[in-house]
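Note: the block below is upload-v7.txt and it holds compact mmCIF, C-alpha atoms.
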```txt
# COMPACT_ATOMS: atom_id res chain seq x y z
CA ILE A 272 -105.68 118.76 -123.31
CA TRP A 273 -109.29 119.44 -122.40
CA ARG A 274 -110.62 118.59 -125.85
CA LEU A 275 -108.56 115.41 -125.98
CA TYR A 276 -110.05 114.37 -122.64
CA LYS A 277 -113.57 115.20 -123.90
CA GLU A 278 -112.83 113.39 -127.20
CA GLU A 279 -113.44 116.57 -129.19
CA SER A 280 -111.50 117.86 -132.16
CA PHE A 281 -108.76 120.33 -131.27
CA LEU A 282 -108.50 121.47 -134.90
CA PHE A 283 -112.12 122.49 -135.46
CA GLY A 284 -114.73 124.26 -133.39
CA LYS A 285 -114.59 127.33 -131.17
CA SER A 286 -113.12 127.40 -127.70
CA TYR A 287 -115.75 127.63 -124.97
CA CYS A 288 -116.01 127.97 -121.21
CA PRO A 289 -116.21 124.49 -119.64
CA SER A 290 -118.68 125.82 -117.09
CA CYS A 291 -121.27 127.84 -119.06
CA ARG A 292 -120.15 126.59 -122.52
CA HIS A 293 -120.28 130.12 -123.93
CA ASP A 294 -118.11 130.55 -127.01
CA LEU A 295 -114.94 132.51 -126.26
CA GLY A 296 -113.85 135.44 -128.39
CA PHE A 297 -110.29 136.02 -129.55
CA TRP A 298 -109.90 138.64 -126.77
CA ASP A 299 -110.50 135.84 -124.23
CA LEU A 300 -107.74 133.65 -125.60
CA PHE A 301 -104.53 135.67 -125.39
CA PRO A 302 -102.09 133.43 -123.48
CA LEU A 303 -101.52 134.68 -119.91
CA PHE A 304 -102.82 138.19 -120.60
CA SER A 305 -106.48 137.16 -120.90
CA TYR A 306 -106.24 135.20 -117.64
CA LEU A 307 -104.71 138.18 -115.82
CA PHE A 308 -107.10 140.71 -117.38
CA LEU A 309 -110.14 138.59 -116.48
CA ARG A 310 -108.69 137.98 -113.00
CA GLY A 311 -108.94 134.24 -113.44
CA LYS A 312 -112.69 134.19 -114.09
CA CYS A 313 -114.91 133.58 -117.11
CA ARG A 314 -116.09 136.83 -118.68
CA TYR A 315 -119.60 135.44 -119.20
CA CYS A 316 -120.47 133.38 -116.11
CA GLY A 317 -117.85 134.43 -113.59
CA HIS A 318 -116.75 130.85 -112.96
CA LYS A 319 -113.14 130.45 -111.87
CA ILE A 320 -110.71 129.51 -114.64
CA SER A 321 -108.36 126.67 -113.78
CA ILE A 322 -104.78 127.73 -112.98
CA GLN A 323 -103.76 124.95 -115.38
CA TYR A 324 -104.32 127.25 -118.37
CA PRO A 325 -101.87 130.05 -117.50
CA LEU A 326 -99.34 127.54 -116.13
CA VAL A 327 -99.36 125.54 -119.36
CA GLU A 328 -99.12 128.76 -121.39
CA PHE A 329 -96.20 130.03 -119.31
CA VAL A 330 -94.28 126.74 -119.38
CA THR A 331 -94.87 126.46 -123.14
CA ALA A 332 -93.42 129.94 -123.69
CA VAL A 333 -90.38 129.18 -121.52
CA LEU A 334 -89.67 125.88 -123.28
CA PHE A 335 -90.13 127.43 -126.73
CA CYS A 336 -87.56 130.08 -125.83
CA LEU A 337 -85.15 127.48 -124.44
CA ILE A 338 -85.50 125.43 -127.63
CA TYR A 339 -84.86 128.46 -129.82
CA PHE A 340 -81.72 129.56 -128.01
CA TYR A 341 -80.41 126.01 -127.56
CA PHE A 342 -80.81 124.92 -131.19
CA GLY A 343 -80.82 128.35 -132.77
CA PRO A 344 -80.70 131.15 -133.36
CA VAL A 345 -82.30 130.76 -136.77
CA ASN A 346 -80.55 133.09 -139.18
CA VAL A 347 -81.72 131.50 -142.44
CA LEU A 348 -85.24 130.31 -143.23
CA PHE A 349 -85.59 126.67 -144.24
CA SER A 350 -82.08 125.91 -143.03
CA PHE A 351 -81.30 122.85 -140.91
CA ASN A 352 -81.47 124.95 -137.73
CA PHE A 353 -84.85 126.31 -138.83
CA PHE A 354 -86.33 122.82 -139.19
CA GLN A 355 -84.63 121.66 -136.00
CA VAL A 356 -86.28 124.40 -133.97
CA ILE A 357 -89.66 123.72 -135.60
CA PHE A 358 -89.31 120.00 -134.86
CA TRP A 359 -88.54 120.58 -131.20
CA TRP A 360 -91.36 123.09 -130.84
CA ILE A 361 -93.70 120.39 -132.13
CA MET A 362 -92.18 117.81 -129.79
CA VAL A 363 -92.38 120.12 -126.77
CA SER A 364 -96.07 120.66 -127.55
CA PHE A 365 -96.61 116.90 -127.53
CA LEU A 366 -94.62 116.52 -124.31
CA ILE A 367 -96.62 119.21 -122.50
CA VAL A 368 -99.90 117.51 -123.44
CA ILE A 369 -98.55 114.14 -122.30
CA PHE A 370 -97.26 115.65 -119.05
CA VAL A 371 -100.53 117.31 -118.03
CA PHE A 372 -102.76 114.50 -119.30
CA ASP A 373 -100.85 111.82 -117.39
CA LEU A 374 -100.66 114.02 -114.30
CA LYS A 375 -104.42 114.65 -114.28
CA TYR A 376 -105.92 111.51 -115.75
CA TYR A 377 -103.20 108.87 -115.15
CA ILE A 378 -102.96 107.87 -118.78
CA ILE A 379 -100.72 108.65 -121.75
CA PRO A 380 -103.07 108.99 -124.74
CA ASP A 381 -102.18 107.18 -127.94
CA GLU A 382 -103.33 110.27 -129.87
CA THR A 383 -100.18 112.03 -128.66
CA ILE A 384 -97.53 109.37 -128.15
CA TYR A 385 -97.84 107.68 -131.56
CA PRO A 386 -97.66 110.89 -133.63
CA ALA A 387 -94.72 112.03 -131.49
CA ILE A 388 -92.87 108.77 -132.18
CA ILE A 389 -93.60 109.02 -135.90
CA PHE A 390 -92.42 112.64 -136.05
CA SER A 391 -89.25 111.64 -134.21
CA ILE A 392 -88.51 108.82 -136.64
CA ILE A 393 -89.05 111.15 -139.61
CA TRP A 394 -86.72 113.71 -138.04
CA ILE A 395 -84.01 111.12 -137.37
CA ILE A 396 -84.19 109.96 -140.99
CA TYR A 397 -83.96 113.57 -142.15
CA THR A 398 -80.97 114.38 -139.93
CA PHE A 399 -79.19 111.25 -141.14
CA SER A 400 -79.86 112.06 -144.79
CA PHE A 401 -78.80 115.66 -144.20
CA GLY A 402 -75.55 114.44 -142.68
CA ALA A 403 -76.16 115.96 -139.24
CA ILE A 404 -75.67 112.55 -137.62
CA GLY A 405 -73.54 109.63 -138.74
CA GLY A 406 -74.29 105.95 -139.00
CA THR A 407 -72.94 105.23 -135.51
CA ASP A 408 -75.18 107.89 -133.95
CA LEU A 409 -78.14 106.50 -135.85
CA ILE A 410 -77.49 103.00 -134.51
CA TYR A 411 -77.06 104.33 -130.96
CA THR A 412 -80.35 106.22 -131.24
CA ILE A 413 -82.22 103.13 -132.40
CA LEU A 414 -80.63 101.01 -129.68
CA SER A 415 -81.48 103.68 -127.10
CA ALA A 416 -85.15 103.55 -128.05
CA LEU A 417 -85.24 99.75 -128.12
CA GLY A 418 -83.23 99.38 -124.91
CA ALA A 419 -85.29 101.90 -122.95
CA SER A 420 -88.60 100.41 -124.09
CA LEU A 421 -87.41 96.85 -123.37
CA PHE A 422 -86.33 97.86 -119.86
CA PHE A 423 -89.72 99.43 -119.17
CA PHE A 424 -91.55 96.54 -120.80
CA LEU A 425 -89.86 94.07 -118.46
CA ILE A 426 -90.86 96.15 -115.44
CA TRP A 427 -94.43 96.38 -116.72
CA PHE A 428 -94.58 92.68 -117.60
CA PHE A 429 -93.15 91.22 -114.39
CA SER A 430 -95.06 93.62 -112.16
CA LYS A 431 -98.24 92.84 -114.12
CA GLY A 432 -98.79 96.55 -114.69
CA MET A 433 -98.57 97.44 -111.01
CA ALA A 434 -95.21 99.24 -111.14
CA MET A 435 -96.02 101.25 -114.28
CA GLY A 436 -98.49 101.43 -117.12
CA PHE A 437 -97.91 100.32 -120.68
CA GLY A 438 -98.06 103.95 -121.73
CA ASP A 439 -94.70 104.42 -120.00
CA VAL A 440 -93.26 101.67 -122.22
CA LYS A 441 -94.29 103.64 -125.31
CA LEU A 442 -93.02 106.85 -123.74
CA ALA A 443 -89.62 105.19 -123.24
CA ILE A 444 -89.41 104.64 -127.00
CA LEU A 445 -89.93 108.37 -127.57
CA ILE A 446 -87.36 109.31 -124.91
CA GLY A 447 -84.78 107.01 -126.50
CA LEU A 448 -85.41 108.48 -129.94
CA LEU A 449 -85.16 112.07 -128.72
CA LEU A 450 -82.14 111.74 -126.46
CA GLY A 451 -80.05 108.95 -127.92
CA TYR A 452 -77.03 107.56 -126.12
CA PRO A 453 -75.77 108.41 -123.50
CA LYS A 454 -78.34 111.11 -122.62
CA VAL A 455 -81.13 108.52 -122.49
CA ILE A 456 -79.48 106.88 -119.47
CA LEU A 457 -79.32 110.21 -117.63
CA GLY A 458 -82.88 111.09 -118.60
CA LEU A 459 -84.29 107.80 -117.29
CA PHE A 460 -82.16 107.97 -114.14
CA LEU A 461 -83.43 111.47 -113.37
CA GLY A 462 -87.00 110.34 -114.02
CA PHE A 463 -86.68 107.50 -111.51
CA LEU A 464 -84.88 109.79 -109.04
CA PHE A 465 -87.53 112.52 -109.15
CA GLY A 466 -90.29 109.92 -108.98
CA ALA A 467 -88.74 108.32 -105.90
CA ILE A 468 -88.22 111.67 -104.15
CA ILE A 469 -91.69 113.06 -104.85
CA GLY A 470 -93.33 109.72 -104.11
CA SER A 471 -91.53 109.47 -100.76
CA VAL A 472 -92.50 113.03 -99.84
CA LEU A 473 -96.17 112.37 -100.69
CA ILE A 474 -96.13 109.21 -98.56
CA LEU A 475 -94.50 111.04 -95.63
CA LEU A 476 -97.12 113.77 -95.90
CA LYS A 477 -99.78 111.04 -96.04
CA LYS A 478 -101.04 112.36 -99.37
CA LYS A 479 -100.40 108.95 -100.91
CA GLY A 480 -100.07 105.40 -99.60
CA PHE A 481 -97.58 102.71 -100.58
CA LYS A 482 -100.17 101.20 -102.92
CA SER A 483 -101.40 104.51 -104.34
CA GLU A 484 -101.11 105.14 -108.05
CA ILE A 485 -98.67 107.90 -108.99
CA PRO A 486 -98.23 108.92 -112.65
CA PHE A 487 -94.67 108.24 -113.77
CA GLY A 488 -94.78 110.01 -117.14
CA PRO A 489 -94.33 113.56 -115.78
CA PHE A 490 -91.13 112.57 -113.95
CA LEU A 491 -89.75 110.94 -117.08
CA LEU A 492 -90.49 114.06 -119.11
CA VAL A 493 -88.75 116.30 -116.58
CA GLY A 494 -85.75 113.97 -116.79
CA LEU A 495 -85.94 114.12 -120.60
CA LEU A 496 -85.91 117.93 -120.71
CA ILE A 497 -83.10 118.29 -118.17
CA SER A 498 -81.03 115.74 -120.07
CA LEU A 499 -81.80 117.47 -123.37
CA PHE A 500 -80.65 120.94 -122.29
CA TRP A 501 -78.01 120.16 -119.68
CA GLY A 502 -77.30 116.46 -120.12
CA GLU A 503 -73.92 116.89 -121.77
CA ASN A 504 -72.68 119.16 -118.99
CA ILE A 505 -73.99 116.84 -116.29
CA ILE A 506 -72.41 113.78 -117.90
CA ASN A 507 -69.08 115.54 -118.38
CA TRP A 508 -69.16 116.72 -114.77
CA TYR A 509 -69.88 113.20 -113.54
CA LEU A 510 -67.10 111.67 -115.64
CA SER A 511 -64.65 114.26 -114.32
CA LEU A 512 -65.20 113.19 -110.72
CA SER A 513 -62.43 111.25 -109.03
CA PHE A 514 -63.56 108.15 -107.21
```

Could I get this structure in the form of structure tokens?
Amino acid sequence: IWRLYKEESFLFGKSYCPSCRHDLGFWDLFPLFSYLFLRGKCRYCGHKISIQYPLVEFVTAVLFCLIYFYFGPVNVLFSFNFFQVIFWWIMVSFLIVIFVFDLKYYIIPDETIYPAIIFSIIWIIYTFSFGAIGGTDLIYTILSALGASLFFFLIWFFSKGMAMGFGDVKLAILIGLLLGYPKVILGLFLGFLFGAIIGSVLILLKKKGFKSEIPFGPFLLVGLLISLFWGENIINWYLSLSF
């Protein structure tokens, strides 16, 4: 996230302290443990380490475990379940970067959203060819992506970008591809619901004004993950209600 913001390569080059720029050793980079051992400070300059690092590491670990137990367990290497878990670990990594980047910098970087969409399309083609989804499911998935993006595009277009950014339009494509129908409807609904609740609370607390910019991507991603793991149960519960 930091290197993407600084327009640096995240594949090459050593990690360094953003404050003193001293190269970090492998003993400084153990997720969570290094932060706790160093008491939240750089070993070399004593500057405070952002709480973002251990939070991202912790959430990543939790989501990786949820993915494994939801789509797994993986009993055979290179089986369909094996590739499914790997795919979702990759997607969760993209989603975490998008979440934090949009939350901090109010933008969804193309360097993350486009590869995520491409990976999703490749996965959908693979699942269809493998026979894990049928032709009807494939059509519903495509329509979910197109419908969600069109809905967001219309909001962006008629509000002239005031209601949401164009990055949210591209994010809607990804959400539609990942969730399909009917989970995409629940995911988007939850995103709008959480956004409205948090936005109202911030306004009441006078942290934001009615014209303040609030990133929408994080709320959509929370809705996506809830719909992914518990969407079927929520939908079934809702359909079972008597009106």

- Do a neighbour search on segment 396-412 of chain A at 7 Å with only C-alpha atoms, toss out local chain neighbours closer than 6 positions, and write the hits as a list in words.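 Close residues of segment 396-412 of chain A: Gly447, Leu448, Gly451 and Tyr452 of chain A.
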
- Message: If we draw a sphere of 12 Å around (-84.3, 109.6, -129.6), which residues have at least one atom in it when counting only C-alpha atoms? Please report them as a ChimeraX atom specification.
- Response: /A:359,362,387-396,398,408-420,442-456,458,495,498-499

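Atom CA of Gly462 of chain A is found 12.8 Å from atom CA of Met435 of chain A.
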
- All residues 12 Å or closer to Tyr376 of chain A, all atoms listed in the file, same chain fewer than 5 positions away omitted, as a ChimeraX atom specification: /A:272-273,275-277,368-371,484-489

Mind writing the picked residues with C-alpha atoms as a PDB file, in the coordinates of the input?
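Listing of part.pdb after writing:
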```pdb
ATOM      1  CA  ILE A 272    -105.680 118.760-123.310  1.00  0.00           C
ATOM      2  CA  TRP A 273    -109.290 119.440-122.400  1.00  0.00           C
ATOM      3  CA  LEU A 275    -108.560 115.410-125.980  1.00  0.00           C
ATOM      4  CA  TYR A 276    -110.050 114.370-122.640  1.00  0.00           C
ATOM      5  CA  LYS A 277    -113.570 115.200-123.900  1.00  0.00           C
ATOM      6  CA  VAL A 368     -99.900 117.510-123.440  1.00  0.00           C
ATOM      7  CA  ILE A 369     -98.550 114.140-122.300  1.00  0.00           C
ATOM      8  CA  PHE A 370     -97.260 115.650-119.050  1.00  0.00           C
ATOM      9  CA  VAL A 371    -100.530 117.310-118.030  1.00  0.00           C
ATOM     10  CA  GLU A 484    -101.110 105.140-108.050  1.00  0.00           C
ATOM     11  CA  ILE A 485     -98.670 107.900-108.990  1.00  0.00           C
ATOM     12  CA  PRO A 486     -98.230 108.920-112.650  1.00  0.00           C
ATOM     13  CA  PHE A 487     -94.670 108.240-113.770  1.00  0.00           C
ATOM     14  CA  GLY A 488     -94.780 110.010-117.140  1.00  0.00           C
ATOM     15  CA  PRO A 489     -94.330 113.560-115.780  1.00  0.00           C
TER      16      PRO A 489
END
```

- Item | For segment 330-344 of chain A: contacts at 9 Å, only C-alpha atoms, fewer than 3 positions along chain excluded, given as an MDAnalysis selection string | chainID A and resid 325:327 352:353 355:357 359:360 363:364 367 500

- Quote the spacing between atom CA of Ile384 of chain A and atom CA of Leu459 of chain A in Å to one decimal place.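 Distance reported for this atom pair: 17.2 Å.
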
- Hey, what's within 12 Å of Ile322 of chain A if we count all atoms listed in the file and toss same-chain stuff fewer than 5 positions away? As a list in words, please? Leu303, Tyr306, Leu307, Arg310, Gly311, Lys312, Val327, Glu328 and Phe329 of chain A

Restricting it to C-alpha atoms, dump the selection as an mmCIF file, in the coordinates of the input.
```cif
data_model
loop_
_atom_site.group_PDB
_atom_site.id
_atom_site.type_symbol
_atom_site.label_atom_id
_atom_site.label_comp_id
_atom_site.auth_asym_id
_atom_site.auth_seq_id
_atom_site.Cartn_x
_atom_site.Cartn_y
_atom_site.Cartn_z
ATOM 1 C CA LEU A 303 -101.520 134.680 -119.910
ATOM 2 C CA TYR A 306 -106.240 135.200 -117.640
ATOM 3 C CA LEU A 307 -104.710 138.180 -115.820
ATOM 4 C CA ARG A 310 -108.690 137.980 -113.000
ATOM 5 C CA GLY A 311 -108.940 134.240 -113.440
ATOM 6 C CA LYS A 312 -112.690 134.190 -114.090
ATOM 7 C CA VAL A 327 -99.360 125.540 -119.360
ATOM 8 C CA GLU A 328 -99.120 128.760 -121.390
ATOM 9 C CA PHE A 329 -96.200 130.030 -119.310
#
```

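Straight-line separation from atom CA of Leu461 of chain A to atom CA of Phe490 of chain A: 7.8 Å.
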
- Task: Kindly indicate which residue among A:Ile320, A:Cys291, A:Leu366, A:Leu512 lies nearest to Tyr385 of chain A, using all atoms listed in the file for the distances.
- Result: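 Smallest distance to Tyr385 of chain A is found for A:Leu366.
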
Filled-in N, CA and C atoms of segment 338-368 of chain A, supplied as an mmCIF file, in the frame of the given file:
```cif
data_model
loop_
_atom_site.group_PDB
_atom_site.id
_atom_site.type_symbol
_atom_site.label_atom_id
_atom_site.label_comp_id
_atom_site.auth_asym_id
_atom_site.auth_seq_id
_atom_site.Cartn_x
_atom_site.Cartn_y
_atom_site.Cartn_z
ATOM 1 N N ILE A 338 -85.762 126.171 -126.388
ATOM 2 C CA ILE A 338 -85.500 125.430 -127.630
ATOM 3 C C ILE A 338 -84.847 126.339 -128.655
ATOM 4 N N TYR A 339 -85.379 127.551 -128.801
ATOM 5 C CA TYR A 339 -84.860 128.460 -129.820
ATOM 6 C C TYR A 339 -83.400 128.816 -129.557
ATOM 7 N N PHE A 340 -83.082 129.139 -128.314
ATOM 8 C CA PHE A 340 -81.720 129.560 -128.010
ATOM 9 C C PHE A 340 -80.748 128.382 -127.899
ATOM 10 N N TYR A 341 -81.285 127.186 -127.637
ATOM 11 C CA TYR A 341 -80.410 126.010 -127.560
ATOM 12 C C TYR A 341 -80.057 125.499 -128.952
ATOM 13 N N PHE A 342 -81.046 125.439 -129.851
ATOM 14 C CA PHE A 342 -80.810 124.920 -131.190
ATOM 15 C C PHE A 342 -80.616 126.023 -132.230
ATOM 16 N N GLY A 343 -80.953 127.232 -131.861
ATOM 17 C CA GLY A 343 -80.820 128.350 -132.770
ATOM 18 C C GLY A 343 -79.569 129.142 -132.480
ATOM 19 N N PRO A 344 -79.571 130.444 -132.748
ATOM 20 C CA PRO A 344 -80.700 131.150 -133.360
ATOM 21 C C PRO A 344 -80.831 130.835 -134.850
ATOM 22 N N VAL A 345 -82.028 131.041 -135.358
ATOM 23 C CA VAL A 345 -82.300 130.760 -136.770
ATOM 24 C C VAL A 345 -82.001 131.999 -137.588
ATOM 25 N N ASN A 346 -80.955 131.947 -138.355
ATOM 26 C CA ASN A 346 -80.550 133.090 -139.180
ATOM 27 C C ASN A 346 -81.028 132.975 -140.632
ATOM 28 N N VAL A 347 -81.310 131.744 -141.056
ATOM 29 C CA VAL A 347 -81.720 131.500 -142.440
ATOM 30 C C VAL A 347 -82.978 130.644 -142.443
ATOM 31 N N LEU A 348 -84.020 131.108 -143.122
ATOM 32 C CA LEU A 348 -85.240 130.310 -143.230
ATOM 33 C C LEU A 348 -84.986 129.032 -144.016
ATOM 34 N N PHE A 349 -85.649 127.973 -143.591
ATOM 35 C CA PHE A 349 -85.590 126.670 -144.240
ATOM 36 C C PHE A 349 -84.175 126.066 -144.198
ATOM 37 N N SER A 350 -83.372 126.534 -143.267
ATOM 38 C CA SER A 350 -82.080 125.910 -143.030
ATOM 39 C C SER A 350 -82.275 124.727 -142.092
ATOM 40 N N PHE A 351 -81.198 123.984 -141.830
ATOM 41 C CA PHE A 351 -81.300 122.850 -140.910
ATOM 42 C C PHE A 351 -81.709 123.319 -139.520
ATOM 43 N N ASN A 352 -81.114 124.422 -139.047
ATOM 44 C CA ASN A 352 -81.470 124.950 -137.730
ATOM 45 C C ASN A 352 -82.941 125.349 -137.660
ATOM 46 N N PHE A 353 -83.442 125.908 -138.756
ATOM 47 C CA PHE A 353 -84.850 126.310 -138.830
ATOM 48 C C PHE A 353 -85.755 125.093 -138.593
ATOM 49 N N PHE A 354 -85.503 124.018 -139.336
ATOM 50 C CA PHE A 354 -86.330 122.820 -139.190
ATOM 51 C C PHE A 354 -86.112 122.142 -137.839
ATOM 52 N N GLN A 355 -84.907 122.259 -137.311
ATOM 53 C CA GLN A 355 -84.630 121.660 -136.000
ATOM 54 C C GLN A 355 -85.439 122.344 -134.903
ATOM 55 N N VAL A 356 -85.487 123.668 -134.953
ATOM 56 C CA VAL A 356 -86.280 124.400 -133.970
ATOM 57 C C VAL A 356 -87.762 124.080 -134.120
ATOM 58 N N ILE A 357 -88.250 124.047 -135.361
ATOM 59 C CA ILE A 357 -89.660 123.720 -135.600
ATOM 60 C C ILE A 357 -89.975 122.325 -135.075
ATOM 61 N N PHE A 358 -89.093 121.368 -135.343
ATOM 62 C CA PHE A 358 -89.310 120.000 -134.860
ATOM 63 C C PHE A 358 -89.430 119.970 -133.342
ATOM 64 N N TRP A 359 -88.518 120.637 -132.655
ATOM 65 C CA TRP A 359 -88.540 120.580 -131.200
ATOM 66 C C TRP A 359 -89.694 121.371 -130.613
ATOM 67 N N TRP A 360 -90.153 122.415 -131.297
ATOM 68 C CA TRP A 360 -91.360 123.090 -130.840
ATOM 69 C C TRP A 360 -92.566 122.146 -130.918
ATOM 70 N N ILE A 361 -92.625 121.369 -131.987
ATOM 71 C CA ILE A 361 -93.700 120.390 -132.130
ATOM 72 C C ILE A 361 -93.600 119.334 -131.031
ATOM 73 N N MET A 362 -92.365 118.853 -130.790
ATOM 74 C CA MET A 362 -92.180 117.810 -129.790
ATOM 75 C C MET A 362 -92.507 118.321 -128.391
ATOM 76 N N VAL A 363 -92.083 119.546 -128.085
ATOM 77 C CA VAL A 363 -92.380 120.120 -126.770
ATOM 78 C C VAL A 363 -93.891 120.240 -126.577
ATOM 79 N N SER A 364 -94.606 120.583 -127.631
ATOM 80 C CA SER A 364 -96.070 120.660 -127.550
ATOM 81 C C SER A 364 -96.660 119.300 -127.208
ATOM 82 N N PHE A 365 -96.163 118.257 -127.856
ATOM 83 C CA PHE A 365 -96.610 116.900 -127.530
ATOM 84 C C PHE A 365 -96.280 116.562 -126.071
ATOM 85 N N LEU A 366 -95.069 116.881 -125.655
ATOM 86 C CA LEU A 366 -94.620 116.520 -124.310
ATOM 87 C C LEU A 366 -95.437 117.225 -123.237
ATOM 88 N N ILE A 367 -95.808 118.475 -123.477
ATOM 89 C CA ILE A 367 -96.620 119.210 -122.500
ATOM 90 C C ILE A 367 -98.003 118.565 -122.360
ATOM 91 N N VAL A 368 -98.588 118.182 -123.491
ATOM 92 C CA VAL A 368 -99.900 117.510 -123.440
ATOM 93 C C VAL A 368 -99.788 116.196 -122.692
#
```
